[in-house]
$ cat run.cif   # mmCIF, C-alpha atoms
data_upload
#
loop_
_atom_site.label_atom_id
_atom_site.label_comp_id
_atom_site.auth_asym_id
_atom_site.auth_seq_id
_atom_site.Cartn_x
_atom_site.Cartn_y
_atom_site.Cartn_z
CA MET S 1124 120.95 141.28 7.04
CA ALA S 1125 118.28 139.18 5.35
CA PRO S 1126 116.88 140.55 2.09
CA ILE S 1127 113.51 142.20 2.31
CA ALA S 1128 110.45 140.34 1.07
CA VAL S 1129 108.90 141.67 -2.10
CA PRO S 1130 105.21 142.31 -1.37
CA GLU S 1131 102.36 141.29 -3.65
CA LEU S 1132 101.18 143.63 -6.39
CA LYS S 1133 98.51 145.65 -4.58
CA THR S 1134 100.72 146.08 -1.52
CA GLN S 1135 103.52 147.38 -3.75
CA LEU S 1136 101.15 149.91 -5.27
CA ARG S 1137 99.83 150.90 -1.84
CA GLN S 1138 103.37 151.61 -0.65
CA LEU S 1139 104.28 153.56 -3.77
CA ILE S 1140 101.14 155.71 -3.58
CA ALA S 1141 101.95 156.41 0.08
CA CYS S 1142 105.29 157.97 -0.99
CA PRO S 1143 104.48 161.53 -2.15
CA SER S 1144 106.55 162.41 -5.22
CA VAL S 1145 104.91 165.51 -6.68
CA SER S 1146 106.94 167.42 -9.23
CA ALA S 1147 105.83 170.97 -9.93
CA THR S 1148 107.14 174.21 -11.40
CA ASP S 1149 106.18 175.88 -8.11
CA PRO S 1150 109.08 175.21 -5.70
CA ALA S 1151 106.63 175.23 -2.78
CA LEU S 1152 104.89 172.15 -4.22
CA ASP S 1153 107.90 170.36 -5.72
CA MET S 1154 109.11 167.17 -4.02
CA GLY S 1155 111.71 164.52 -4.64
CA ASN S 1156 111.21 160.95 -5.85
CA ARG S 1157 114.01 159.28 -3.86
CA PRO S 1158 111.69 157.36 -1.49
CA VAL S 1159 109.91 155.84 -4.52
CA VAL S 1160 113.02 154.79 -6.46
CA GLU S 1161 114.73 153.52 -3.30
CA LYS S 1162 111.73 151.32 -2.52
CA LEU S 1163 111.73 150.00 -6.08
CA ALA S 1164 115.48 149.44 -5.85
CA ASP S 1165 115.06 147.32 -2.71
CA TRP S 1166 112.40 145.13 -4.31
CA LEU S 1167 114.28 144.69 -7.58
CA ASP S 1168 117.56 143.98 -5.81
CA THR S 1169 115.81 141.23 -3.82
CA LEU S 1170 114.54 139.73 -7.09
CA GLY S 1171 118.07 139.56 -8.48
CA PHE S 1172 118.22 142.68 -10.61
CA THR S 1173 121.43 144.69 -10.82
CA VAL S 1174 120.31 148.07 -9.49
CA GLU S 1175 121.75 151.53 -10.03
CA LEU S 1176 120.45 154.89 -8.79
CA MET S 1177 121.42 157.87 -10.96
CA PRO S 1178 121.03 161.14 -8.99
CA LEU S 1179 119.89 164.17 -10.93
CA PRO S 1180 122.41 167.03 -11.00
CA ASP S 1181 122.00 169.75 -8.40
CA SER S 1182 119.41 167.68 -6.53
CA THR S 1183 119.69 165.65 -3.36
CA ASN S 1184 116.22 164.14 -3.52
CA LYS S 1185 115.70 163.17 -7.17
CA ALA S 1186 117.12 160.21 -9.08
CA ASN S 1187 116.56 157.80 -11.94
CA LEU S 1188 116.64 154.04 -11.36
CA ILE S 1189 118.10 151.53 -13.81
CA ALA S 1190 117.57 147.89 -12.83
CA THR S 1191 118.75 145.07 -15.12
CA LEU S 1192 118.05 141.35 -15.01
CA GLY S 1193 119.84 138.67 -17.00
CA ALA S 1194 122.44 139.48 -19.63
CA HIS S 1195 124.34 142.70 -18.99
CA GLU S 1196 122.82 145.98 -20.06
CA GLY S 1197 123.95 146.85 -23.56
CA ALA S 1198 123.84 143.33 -24.94
CA GLU S 1199 122.72 143.07 -28.56
CA GLY S 1200 119.03 143.43 -27.73
CA GLY S 1201 116.86 143.52 -24.67
CA LEU S 1202 113.64 145.06 -23.44
CA ILE S 1203 113.21 148.18 -21.30
CA LEU S 1204 110.04 148.67 -19.25
CA SER S 1205 109.99 152.36 -18.42
CA GLY S 1206 107.93 154.78 -16.39
CA HIS S 1207 108.14 157.99 -14.42
CA THR S 1208 107.84 158.04 -10.63
CA ASP S 1209 106.59 161.61 -10.14
CA THR S 1210 103.00 162.82 -10.09
CA VAL S 1211 101.36 166.18 -10.66
CA PRO S 1212 100.07 168.20 -7.68
CA PHE S 1213 96.57 167.37 -6.42
CA ASP S 1214 93.43 169.41 -5.74
CA ASP S 1215 93.25 169.51 -1.95
CA GLY S 1216 89.69 169.00 -0.73
CA ARG S 1217 88.33 167.69 -4.02
CA TRP S 1218 89.29 164.06 -3.48
CA HIS S 1219 86.81 161.71 -1.82
CA SER S 1220 89.71 159.89 -0.14
CA ASP S 1221 93.33 160.59 0.80
CA PRO S 1222 95.32 160.90 -2.47
CA PHE S 1223 98.26 159.15 -0.77
CA SER S 1224 96.25 156.20 0.53
CA LEU S 1225 95.31 153.46 -1.95
CA GLN S 1226 91.58 152.82 -1.73
CA GLU S 1227 89.73 149.95 -3.39
CA ARG S 1228 86.07 150.51 -4.28
CA ASP S 1229 83.76 150.08 -7.27
CA ASN S 1230 86.23 147.62 -8.84
CA ARG S 1231 88.83 150.40 -8.95
CA LEU S 1232 92.02 151.37 -7.16
CA TYR S 1233 92.01 155.07 -6.21
CA GLY S 1234 95.07 157.16 -5.42
CA LEU S 1235 97.42 159.79 -6.85
CA GLY S 1236 99.47 158.03 -9.51
CA THR S 1237 97.31 154.93 -9.90
CA SER S 1238 96.73 155.68 -13.57
CA ASP S 1239 99.61 158.07 -14.27
CA MET S 1240 101.65 156.09 -13.59
CA LYS S 1241 103.04 154.44 -10.46
CA SER S 1242 100.93 151.33 -11.07
CA PHE S 1243 103.16 150.39 -14.01
CA PHE S 1244 105.99 149.38 -11.69
CA PRO S 1245 104.11 146.71 -9.69
CA LEU S 1246 102.71 145.42 -13.00
CA ALA S 1247 106.21 145.24 -14.49
CA ILE S 1248 107.60 143.56 -11.37
CA GLU S 1249 104.75 141.02 -11.37
CA ALA S 1250 105.51 140.18 -15.00
CA ALA S 1251 109.24 139.97 -14.30
CA ARG S 1252 108.77 137.50 -11.42
CA SER S 1253 107.98 134.81 -13.99
CA PHE S 1254 111.49 135.12 -15.42
CA ILE S 1255 113.64 135.38 -12.29
CA ASP S 1256 114.92 131.81 -12.56
CA LYS S 1257 115.00 131.64 -16.36
CA PRO S 1258 118.17 132.19 -18.39
CA LEU S 1259 117.53 135.42 -20.30
CA ARG S 1260 119.20 135.66 -23.69
CA GLN S 1261 118.81 139.46 -23.64
CA PRO S 1262 118.56 141.81 -20.66
CA LEU S 1263 115.32 142.96 -19.08
CA THR S 1264 115.61 146.51 -17.75
CA ILE S 1265 113.15 148.32 -15.51
CA LEU S 1266 113.67 152.06 -15.77
CA ALA S 1267 112.15 154.61 -13.37
CA THR S 1268 112.62 158.32 -14.03
CA ALA S 1269 112.25 161.63 -12.22
CA ASP S 1270 110.57 164.92 -13.18
CA GLU S 1271 108.65 163.77 -16.25
CA GLU S 1272 105.68 165.93 -15.28
CA THR S 1273 107.70 169.16 -15.36
CA SER S 1274 111.11 169.41 -17.03
CA MET S 1275 111.84 165.89 -18.34
CA THR S 1276 115.20 166.33 -16.58
CA GLY S 1277 115.39 162.64 -15.71
CA ALA S 1278 115.00 161.59 -19.34
CA ARG S 1279 117.44 164.27 -20.52
CA GLU S 1280 120.10 163.02 -18.12
CA LEU S 1281 119.64 159.48 -19.41
CA VAL S 1282 120.26 160.66 -22.96
CA LYS S 1283 123.40 162.54 -21.85
CA ALA S 1284 124.68 159.36 -20.21
CA GLY S 1285 123.63 157.09 -23.09
CA ARG S 1286 121.71 154.93 -20.62
CA PRO S 1287 120.03 152.55 -20.50
CA GLN S 1288 120.98 150.52 -23.54
CA GLY S 1289 118.51 148.19 -25.15
CA ARG S 1290 116.79 147.32 -28.40
CA TYR S 1291 113.14 147.82 -27.44
CA ALA S 1292 111.29 149.91 -24.87
CA VAL S 1293 107.74 150.05 -23.55
CA ILE S 1294 106.70 153.18 -21.65
CA GLY S 1295 103.76 152.40 -19.40
CA GLU S 1296 101.90 155.71 -19.62
CA PRO S 1297 98.08 155.37 -19.49
CA THR S 1298 96.87 154.26 -22.93
CA GLY S 1299 93.99 151.93 -22.01
CA LEU S 1300 95.91 148.78 -23.07
CA ARG S 1301 96.34 150.11 -26.61
CA PRO S 1302 99.77 150.54 -28.20
CA VAL S 1303 100.80 154.06 -29.16
CA ARG S 1304 103.50 154.71 -31.73
CA MET S 1305 103.37 158.50 -32.10
CA HIS S 1306 102.54 161.70 -30.28
CA LYS S 1307 103.03 165.41 -30.77
CA GLY S 1308 105.85 167.36 -29.21
CA VAL S 1309 105.51 170.38 -26.97
CA MET S 1310 107.36 173.64 -26.57
CA MET S 1311 106.43 176.47 -24.20
CA GLU S 1312 107.75 179.89 -25.14
CA ALA S 1313 107.61 183.48 -23.92
CA VAL S 1314 107.81 186.71 -25.88
CA ARG S 1315 109.09 189.56 -23.69
CA ILE S 1316 108.79 193.07 -25.06
CA THR S 1317 110.48 196.05 -23.46
CA GLY S 1318 109.32 199.49 -24.58
CA GLN S 1319 109.44 202.88 -22.92
CA SER S 1320 106.96 203.99 -20.26
CA GLY S 1321 105.65 207.53 -20.15
CA HIS S 1322 102.58 209.68 -19.55
CA SER S 1323 99.63 208.42 -21.55
CA SER S 1324 98.61 211.99 -22.53
CA ASN S 1325 101.50 212.15 -25.01
CA PRO S 1326 102.26 208.89 -26.89
CA SER S 1327 105.53 210.32 -28.23
CA LEU S 1328 106.99 210.18 -24.72
CA GLY S 1329 107.16 206.39 -24.78
CA ALA S 1330 107.02 203.22 -26.82
CA ASN S 1331 104.01 201.06 -25.98
CA ALA S 1332 104.94 197.42 -25.35
CA LEU S 1333 101.30 196.31 -25.51
CA GLU S 1334 100.86 197.82 -28.96
CA ALA S 1335 104.00 195.98 -30.08
CA MET S 1336 102.59 192.80 -28.57
CA HIS S 1337 99.46 193.30 -30.65
CA LEU S 1338 101.68 193.04 -33.75
CA VAL S 1339 103.38 189.97 -32.32
CA ILE S 1340 100.07 188.22 -31.69
CA GLY S 1341 98.95 188.89 -35.22
CA GLU S 1342 102.20 187.44 -36.57
CA LEU S 1343 101.88 184.36 -34.38
CA LEU S 1344 98.37 183.69 -35.66
CA ARG S 1345 99.54 184.11 -39.26
CA LEU S 1346 102.41 181.72 -38.63
CA ARG S 1347 100.04 179.20 -37.02
CA GLY S 1348 97.87 179.30 -40.12
CA GLU S 1349 100.88 178.74 -42.37
CA TRP S 1350 102.06 175.76 -40.31
CA GLN S 1351 98.59 174.23 -40.38
CA GLU S 1352 98.49 174.60 -44.16
CA LYS S 1353 101.93 173.03 -44.52
CA TYR S 1354 101.77 170.17 -41.99
CA ASN S 1355 99.01 167.59 -41.62
CA ASN S 1356 98.97 164.09 -40.16
CA PRO S 1357 95.60 162.28 -40.35
CA GLY S 1358 96.80 159.82 -37.71
CA PHE S 1359 96.01 162.42 -35.03
CA VAL S 1360 92.58 163.49 -33.79
CA VAL S 1361 93.80 167.07 -34.24
CA PRO S 1362 95.77 166.49 -37.47
CA VAL S 1363 97.62 169.83 -37.53
CA PRO S 1364 100.17 171.49 -35.26
CA THR S 1365 98.61 173.82 -32.70
CA LEU S 1366 99.72 177.11 -31.21
CA ASN S 1367 97.88 178.30 -28.10
CA LEU S 1368 98.13 181.82 -26.67
CA GLY S 1369 98.18 180.95 -22.98
CA CYS S 1370 98.62 184.10 -20.90
CA ILE S 1371 99.66 187.72 -21.22
CA HIS S 1372 100.84 190.28 -18.69
CA GLY S 1373 101.82 193.89 -19.21
CA GLY S 1374 101.71 197.41 -17.89
CA ASP S 1375 100.66 198.65 -14.49
CA ASN S 1376 98.20 201.53 -14.88
CA PRO S 1377 95.77 202.84 -17.52
CA ASN S 1378 97.36 206.31 -17.57
CA ARG S 1379 100.90 205.07 -18.23
CA ILE S 1380 102.36 203.98 -21.54
CA CYS S 1381 103.05 200.28 -21.12
CA GLY S 1382 106.77 199.73 -20.78
CA HIS S 1383 106.85 195.95 -20.59
CA ALA S 1384 104.67 193.04 -21.70
CA GLU S 1385 105.05 189.27 -21.77
CA LEU S 1386 103.10 186.66 -23.71
CA GLN S 1387 103.41 182.93 -23.01
CA PHE S 1388 102.27 180.36 -25.56
CA ASP S 1389 102.74 176.72 -26.44
CA VAL S 1390 103.27 174.91 -29.73
CA ARG S 1391 102.48 171.22 -30.24
CA PRO S 1392 104.30 170.13 -33.39
CA LEU S 1393 103.70 166.99 -35.42
CA PRO S 1394 106.33 164.31 -36.03
CA GLY S 1395 108.75 165.64 -38.61
CA MET S 1396 108.76 169.17 -37.20
CA SER S 1397 111.96 170.20 -35.41
CA LEU S 1398 111.78 172.33 -32.25
CA GLN S 1399 115.06 174.03 -33.16
CA GLU S 1400 113.79 175.02 -36.59
CA LEU S 1401 110.46 176.20 -35.19
CA ARG S 1402 112.21 178.41 -32.65
CA ARG S 1403 114.44 179.86 -35.34
CA GLU S 1404 111.43 180.68 -37.51
CA LEU S 1405 109.52 182.17 -34.59
CA ASN S 1406 112.40 184.47 -33.66
CA THR S 1407 112.98 185.60 -37.24
CA ARG S 1408 109.33 186.36 -37.92
CA LEU S 1409 108.62 188.11 -34.61
CA GLN S 1410 111.73 190.26 -34.71
CA ALA S 1411 110.83 191.33 -38.25
CA CYS S 1412 107.35 192.55 -37.27
CA ILE S 1413 108.82 195.16 -34.87
CA ASP S 1414 110.00 198.33 -36.66
CA ASN S 1415 110.40 200.65 -33.68
CA SER S 1416 113.97 201.13 -32.46
CA ARG S 1417 112.69 201.85 -28.94
CA ILE S 1418 111.05 198.39 -28.74
CA HIS S 1419 113.16 195.40 -27.78
CA LEU S 1420 111.87 191.83 -28.19
CA ASP S 1421 113.29 188.74 -26.49
CA MET S 1422 112.28 185.12 -27.16
CA VAL S 1423 112.64 182.84 -24.14
CA SER S 1424 112.04 179.09 -23.94
CA LEU S 1425 110.25 178.29 -20.68
CA PHE S 1426 111.66 174.74 -20.79
CA PRO S 1427 113.76 172.92 -23.39
CA GLY S 1428 110.70 171.24 -24.91
CA THR S 1429 109.98 167.68 -25.97
CA GLU S 1430 110.32 166.61 -29.58
CA PRO S 1431 107.46 164.85 -31.39
CA PHE S 1432 107.61 161.05 -31.36
CA GLU S 1433 107.00 158.54 -34.11
CA GLN S 1434 107.94 154.87 -34.21
CA ASP S 1435 108.02 153.08 -37.56
CA PRO S 1436 104.74 151.14 -37.93
CA ASN S 1437 106.74 148.20 -39.32
CA SER S 1438 108.90 147.91 -36.22
CA GLU S 1439 108.86 144.40 -34.78
CA LEU S 1440 107.90 145.87 -31.41
CA VAL S 1441 104.85 147.62 -32.89
CA LYS S 1442 103.75 144.47 -34.72
CA VAL S 1443 104.12 142.28 -31.62
CA ALA S 1444 102.25 144.80 -29.43
CA GLU S 1445 99.42 145.02 -31.95
CA LYS S 1446 99.09 141.24 -31.98
CA LEU S 1447 99.14 140.96 -28.18
CA THR S 1448 96.60 143.74 -27.58
CA GLY S 1449 94.36 143.23 -30.59
CA TYR S 1450 94.58 146.94 -31.46
CA SER S 1451 96.38 148.81 -34.21
CA ALA S 1452 99.01 151.21 -32.91
CA GLN S 1453 97.62 154.72 -32.64
CA SER S 1454 98.51 158.29 -31.68
CA VAL S 1455 97.86 160.31 -28.53
CA ALA S 1456 97.73 164.03 -27.87
CA PHE S 1457 99.87 164.00 -24.71
CA GLY S 1458 103.65 163.87 -24.53
CA THR S 1459 105.89 161.20 -22.99
CA GLU S 1460 109.54 160.30 -22.56
CA ALA S 1461 109.39 158.20 -25.73
CA PRO S 1462 111.37 160.62 -27.96
CA TYR S 1463 114.28 160.52 -25.51
CA LEU S 1464 114.56 156.73 -25.66
CA LYS S 1465 113.97 156.79 -29.41
CA SER S 1466 116.86 159.24 -29.77
CA MET S 1467 119.15 156.49 -28.39
CA ASN S 1468 118.14 154.17 -31.26
CA ILE S 1469 115.70 152.23 -29.09
CA ASP S 1470 112.48 151.14 -30.79
CA THR S 1471 109.81 152.51 -28.45
CA ILE S 1472 106.07 152.31 -27.91
CA VAL S 1473 103.77 153.68 -25.21
CA LEU S 1474 101.47 151.08 -23.66
CA GLY S 1475 99.88 151.12 -20.21
CA ALA S 1476 96.90 149.94 -18.19
CA GLY S 1477 95.55 153.31 -17.06
CA ASP S 1478 93.44 155.87 -18.89
CA ILE S 1479 94.66 159.37 -19.66
CA ASP S 1480 91.17 160.64 -18.85
CA GLN S 1481 91.87 159.72 -15.21
CA ALA S 1482 95.22 161.46 -15.07
CA HIS S 1483 95.81 164.85 -13.44
CA GLN S 1484 92.40 165.07 -11.76
CA PRO S 1485 90.74 164.30 -8.42
CA ASP S 1486 89.86 160.68 -7.62
CA GLU S 1487 92.35 159.26 -10.10
CA TYR S 1488 91.91 155.51 -10.40
CA LEU S 1489 92.99 152.30 -12.14
CA GLU S 1490 90.39 149.74 -13.20
CA LEU S 1491 91.04 146.42 -11.44
CA ASP S 1492 90.18 144.46 -14.56
CA ARG S 1493 93.13 146.09 -16.36
CA ILE S 1494 95.71 144.47 -14.10
CA GLU S 1495 95.79 140.88 -15.36
CA PRO S 1496 95.63 141.79 -19.07
CA MET S 1497 98.53 144.22 -18.65
CA VAL S 1498 100.65 141.73 -16.74
CA LYS S 1499 99.97 139.14 -19.42
CA ILE S 1500 101.01 141.56 -22.18
CA LEU S 1501 104.23 142.39 -20.34
CA ARG S 1502 105.03 138.71 -19.74
CA ASN S 1503 104.60 138.02 -23.44
CA LEU S 1504 106.80 140.97 -24.38
CA ILE S 1505 109.54 139.84 -21.98
CA GLY S 1506 109.31 136.30 -23.35
CA ARG S 1507 109.49 137.53 -26.93
CA PHE S 1508 112.39 139.96 -26.57
CA CYS S 1509 114.47 138.58 -23.67
CA LEU S 1510 114.23 134.78 -23.80
#
$ encode --input "run.cif" --output "C-alpha cells"
Amino acid sequence: MAPIAVPELKTQLRQLIACPSVSATDPALDMGNRPVVEKLADWLDTLGFTVELMPLPDSTNKANLIATLGAHEGAEGGLILSGHTDTVPFDDGRWHSDPFSLQERDNRLYGLGTSDMKSFFPLAIEAARSFIDKPLRQPLTILATADEETSMTGARELVKAGRPQGRYAVIGEPTGLRPVRMHKGVMMEAVRITGQSGHSSNPSLGANALEAMHLVIGELLRLRGEWQEKYNNPGFVVPVPTLNLGCIHGGDNPNRICGHAELQFDVRPLPGMSLQELRRELNTRLQACIDNSRIHLDMVSLFPGTEPFEQDPNSELVKVAEKLTGYSAQSVAFGTEAPYLKSMNIDTIVLGAGDIDQAHQPDEYLELDRIEPMVKILRNLIGRFCL
C-alpha cells in the first residue's frame, strides 16, 4: 500500500478541526482523541518519523502520540514540540460558523481548536519538513497528548512512563508568539461537611452543617490572606496566590436543620508553592476550626491538580526563544502541561501562535499572519537544538 500524501498546512488544520475531540468532566460531552492522533501518526509516519501511540489506561478512544525523527529518542539532547489534541466543549448556537469546519475570513482561520491548540501540529509539521532529509544530531520529537483540558491524564501517564526523553521542549499553547517561562498551578478542592438534620424549631436536635461551613469559609479567607502576605511574585499580573470560593450546596428545606453541605473552591499557587503542602495545611486548619463532635469534615481533591511551573530564565532554551521572538520570557495566568515535562528534567517553555483571549469561546480563530512567523521560529529552534 502506498504511503499517504501529507497535505499542505491549511488542509492539515482543516482535517484536524473536522475531528471532534472534546474533553469534558461531563461524560455526556466527553469524547476521545484517537481520530486526531491517528491522523497525525499517518502524516508523521509518511515523513519518516518513528511513531508510537500510547493508549490511556481504562480508555479505548484516548491516546498520546510520540513521534521521533532522527537520532533515537533519549539521545543526549533533542527538542520536543508538544501540544494537546483535545478541545473544550463549545457553545452551540453562538458560533457564526460550524465549529468543526475550518473557515477563512477576515484574515483569520475560524474553528474549534484553531488557537487552543490544534493549529500547533500543522505548524510543527511544516517546520519539520525542512529537516526530513537532513542528518539530525539530536532527535526531534512531536508529542500530542490527550485530556489536557480536564484531568491532564495524558501528561500524567507520560511522566509515569518517563516518556518522551529530550533536553528541551516547546509547548505550543496560545501565547501570541511570546515565550512563557512560568505560570501558576491549580488545585480544585471540596469541603464536605456532614452534620445532623432535625426540626428547625429546636437547634439541639441536630448539628447544622451550614453553620459549620460558615466557620470553614472564614478560615479559608484567613488562610488566603496569610498566603498572600507570605508569597508574592511580581512577574505575574496577579502577583499573589489566589483562592476562589466557587460554589456551595447544602440542605434541602428552610425548616430542617441542614445535615450536609459542600463547598468547592480553587487555589492557584505561585511557583515555589507545593500542592501537597497546601493540601496538608488546608486540612489541618479546617479540621481545627470545627469543635462539634457531631460535625464531620472531609477534604476531597476534585482532580490531582497541576503544580506551578517555572523555567530558569538563564536556560539556553529561554535565551534562544527570546532572541528569536524579540520578547523577554513572561508569565501567564493559565496552566499547561509544562510542569509535567519539567518534572522529567526537560527544559521547557510555552510558545504558540494563537491568543489565549480566543480560547474557550465562540468563533475561536487564529490570525493568518501568525503562521509564517511561528513556522520560522520552530525551524530555527529545530536547527539550533537538533542539527
$ resolve_selection --input "run.cif" --expression "the PyMOL selection byres ((chain S and resi 1240) around 10)" --output "MDAnalysis selection string"
chainID S and resid 1206:1210 1235:1239 1241:1244 1294:1297 1475:1479 1482 1489
$ axis_aligned_box --input "run.cif" --around "range 1272-1283 of chain S" --padding-each-side "5 Å" --output "JSON"
{"center_x": 114.5, "center_y": 164.4, "center_z": -19.1, "size_x": 27.7, "size_y": 19.9, "size_z": 17.7}
$ residues_around --input "run.cif" --residues "Leu1501 in chain S" --least-positions-apart "2" --cutoff "10 Å" --atoms "all atoms listed in the file" --output "VMD selection string"
chain S and resid 1204 1246 to 1251 1293 1444 1447 1474 to 1475 1495 to 1499 1503 to 1507
$ closest_residue --input "run.cif" --among "S:Arg1403, S:Lys1307, S:Arg1315, S:Arg1345" --to "Phe1359 in chain S" --atoms "only C-alpha atoms"
S:Lys1307
$ resolve_selection --input "run.cif" --expression "the PyMOL selection byres ((chain S and resi 1329) around 7)" --output "MDAnalysis selection string"
chainID S and resid 1319:1321 1326:1328 1330:1331 1380
$ closest_residue --input "run.cif" --among "S:Gln1261, S:Ser1324, S:Asn1437, S:Ser1397" --to "Met1310 in chain S" --atoms "all atoms listed in the file"
S:Ser1397
$ closest_residue --input "run.cif" --among "S:Asp1414, S:Asp1153, S:Glu1400, S:Glu1439" --to "Ser1274 in chain S" --atoms "only C-alpha atoms"
S:Asp1153
$ resolve_selection --input "run.cif" --expression "the PyMOL selection byres ((chain S and resi 1157) around 8)" --output "list of chain:residue names"
S:Gly1155, S:Asn1156, S:Pro1158, S:Val1159, S:Val1160, S:Glu1161, S:Asn1184, S:Lys1185, S:Ala1186
$ closest_residue --input "run.cif" --among "S:Pro1302, S:Pro1357, S:Pro1245, S:Pro1427" --to "Val1441 in chain S" --atoms "only C-alpha atoms"
S:Pro1302
$ atom_distance --input "run.cif" --atom1 "CA of Leu1346 in chain S" --atom2 "CA of Gly1369 in chain S"
16.2 Å
$ atom_distance --input "run.cif" --atom1 "CA of Leu1170 in chain S" --atom2 "CA of Gly1193 in chain S"
11.3 Å
$ closest_residue --input "run.cif" --among "S:Ala1411, S:Cys1370, S:Leu1338, S:Leu1167" --to "Ile1255 in chain S" --atoms "only C-alpha atoms"
S:Leu1167
$ closest_residue --input "run.cif" --among "S:Gly1373, S:Gly1200, S:Gly1348, S:Pro1143" --to "Arg1260 in chain S" --atoms "all atoms listed in the file"
S:Gly1200
$ residues_near_point --input "run.cif" --point "(87.0, 166.2, -9.3)" --cutoff "10 Å" --atoms "all atoms listed in the file" --output "number ranges by chain"
S: 1214, 1216-1219, 1483-1487
$ residues_around --input "run.cif" --residues "Glu1199 in chain S" --least-positions-apart "4" --cutoff "12 Å" --atoms "all atoms listed in the file" --output "list in words"
Ala1194, His1195, Arg1260, Gln1261, Pro1262, Gln1288, Gly1289, Arg1290, Tyr1291, Ile1469, Phe1508 and Cys1509 of chain S
